[in-house]
Amino acid sequence: MSDISYEVRDEVAHVRLDRPEKHNGLTLDMLDDLAAAARRVSKDRSVRAVVVAGEGDSFSSGLDFASASKERRRIMRNLIPKRSSAANTFQNAAWAWRSVPVPVIAVLRGHCYGGGLQIALGADFRYAAPDTDLSILEAKWGLIPDMSLSASIAQLTTIDVAKRLTMTGEVFGAPQALEWGLISGVSDDPFGDADALIAQIKQRSPDAVAASKSLFENTWYTGSRLSFPVEQSLQVRLLAGRNSAIARTAGLAREQPQFVERQL
């Protein structure tokens, strides 16, 4: 039985870490299942958004070392990068969400430590309850974060904050995380915040949303000479697509557009 649940409701894929009795401590199977869930979303053109959360009181307390240590050979295999990308299994569990062509929102509460934090940072947006505490906890174990945090945190905060949190492993609260740019918002109803954002996004063309995400994922680290061709290519594909025409027609008629499934 998987400790990752997956359900689509009203065009939204709900992915849950489902080991509440262990504060959703991550097993090696869960890492595989997270990457599989990302692939599943990518293949389902009817899905408009993803919400990733944890069952019970916490998002995730990070890697379950007691469980993982029983599978040392598997750990070593999982450290080998895949030929199709530079990511290994650990990194792919978090970074795979960046290649999903729909917005991914992580909803946080309780503990969000280590690998759990890296999965959250792999989402496009993060909404947290006030009681959320976060930590790059790998420092406690004499390690560095190796589940894609070096790429994700660079897009969100300054290098001195990244170094400090990685070197110390200190635990910090949601208000501080918001100040540092690591989360998108703090409220008593983070699921409501996620739903409100999804409702806004669903009013727009699913192809334009997919292209928007692809635009920034492929240009954030590049200069204009590399980013402009990406803009041009994506825009041409949008202009040739049905949903762009639907959006233009509805806009001119001042009507609510009725989009077809995503083409990008």
# chains A, B, ... in the order shown; residues from 1 in each chain; ligands from 1

$ residues_around --residues "region 200-207 of chain A" --least-positions-apart "3" --cutoff "9 Å" --atoms "only C-alpha atoms" --output "list in words"
Arg48, Ala49, Pro101, Val102, Pro103, Asp195, Ala196, Leu197, Ala210, Ala211, Ser212, Leu238, Gly241, Asn243, Ser244, Ile246, Ala247, Gln256, Pro257, Gln258, Phe259, Val260, Glu261, Arg262, Gln263 and Leu264 of chain A

$ residues_around --residues "Arg77 (chain A)" --least-positions-apart "3" --cutoff "12 Å" --atoms "only C-alpha atoms" --output "NGL selection string"
:A and (28 or 71-74 or 80-82 or 88-90)

$ residues_around --residues "Ala36 (chain A)" --least-positions-apart "4" --cutoff "12 Å" --atoms "only C-alpha atoms" --output "PyMOL selection string"
chain A and resi 2+4-6+15+29-32+40-43+89+92-94+96-97+100

$ closest_residue --among "A:Val12, A:Ile183, A:Leu63, A:Val171" --to "Trp141 (chain A)" --atoms "only C-alpha atoms"
A:Leu63

$ residues_around --residues "Leu108 (chain A)" --least-positions-apart "5" --cutoff "9 Å" --atoms "only C-alpha atoms" --output "PyMOL selection string"
chain A and resi 52-54+58-60+120+126-129+132+190-191

$ write_last_selection --atoms "N, CA and C atoms" --output "mmCIF file, in the first residue's frame"
data_model
loop_
_atom_site.group_PDB
_atom_site.id
_atom_site.type_symbol
_atom_site.label_atom_id
_atom_site.label_comp_id
_atom_site.auth_asym_id
_atom_site.auth_seq_id
_atom_site.Cartn_x
_atom_site.Cartn_y
_atom_site.Cartn_z
ATOM 1 N N VAL A 52 -0.343 19.727 -3.144
ATOM 2 C CA VAL A 52 0.450 18.739 -2.410
ATOM 3 C C VAL A 52 0.389 19.087 -0.926
ATOM 4 N N ALA A 53 0.032 18.129 -0.098
ATOM 5 C CA ALA A 53 -0.089 18.377 1.340
ATOM 6 C C ALA A 53 0.217 17.093 2.100
ATOM 7 N N GLY A 54 0.243 17.191 3.410
ATOM 8 C CA GLY A 54 0.468 16.039 4.258
ATOM 9 C C GLY A 54 -0.759 15.725 5.087
ATOM 10 N N SER A 58 1.362 17.327 10.204
ATOM 11 C CA SER A 58 2.566 17.878 9.585
ATOM 12 C C SER A 58 2.566 17.678 8.079
ATOM 13 N N PHE A 59 3.314 18.552 7.399
ATOM 14 C CA PHE A 59 3.576 18.334 5.978
ATOM 15 C C PHE A 59 4.540 17.167 5.833
ATOM 16 N N SER A 60 5.745 17.296 6.371
ATOM 17 C CA SER A 60 6.693 16.177 6.390
ATOM 18 C C SER A 60 7.857 16.511 7.304
ATOM 19 N N ALA A 120 8.463 20.910 -0.771
ATOM 20 C CA ALA A 120 7.639 22.124 -0.774
ATOM 21 C C ALA A 120 8.237 23.203 -1.672
ATOM 22 N N ARG A 126 3.577 28.137 -2.152
ATOM 23 C CA ARG A 126 3.508 27.498 -0.843
ATOM 24 C C ARG A 126 2.670 28.362 0.093
ATOM 25 N N TYR A 127 1.589 27.795 0.612
ATOM 26 C CA TYR A 127 0.780 28.479 1.622
ATOM 27 C C TYR A 127 0.894 27.701 2.926
ATOM 28 N N ALA A 128 1.129 28.432 4.017
ATOM 29 C CA ALA A 128 1.414 27.781 5.297
ATOM 30 C C ALA A 128 0.466 28.245 6.384
ATOM 31 N N ALA A 129 0.130 27.324 7.289
ATOM 32 C CA ALA A 129 -0.586 27.670 8.511
ATOM 33 C C ALA A 129 0.385 28.352 9.472
ATOM 34 N N THR A 132 3.249 26.373 11.297
ATOM 35 C CA THR A 132 4.260 25.640 10.527
ATOM 36 C C THR A 132 5.659 26.020 10.997
ATOM 37 N N PRO A 190 -4.796 27.854 4.905
ATOM 38 C CA PRO A 190 -3.936 27.763 3.718
ATOM 39 C C PRO A 190 -4.563 26.982 2.571
ATOM 40 N N PHE A 191 -5.431 25.999 2.884
ATOM 41 C CA PHE A 191 -6.124 25.291 1.807
ATOM 42 C C PHE A 191 -7.079 26.242 1.083
#

$ atom_distance --atom1 "CA of Leu117 (chain A)" --atom2 "CA of Asp189 (chain A)"
19.5 Å

$ select_by_dssp --residues "region 30-217 of chain A" --states "helix (DSSP H, G or I)" --output "PyMOL selection string"
chain A and resi 30-43+65-68+72-78+89-99+114-121+137-141+149-155+159-168+174-180+190-201+206-217
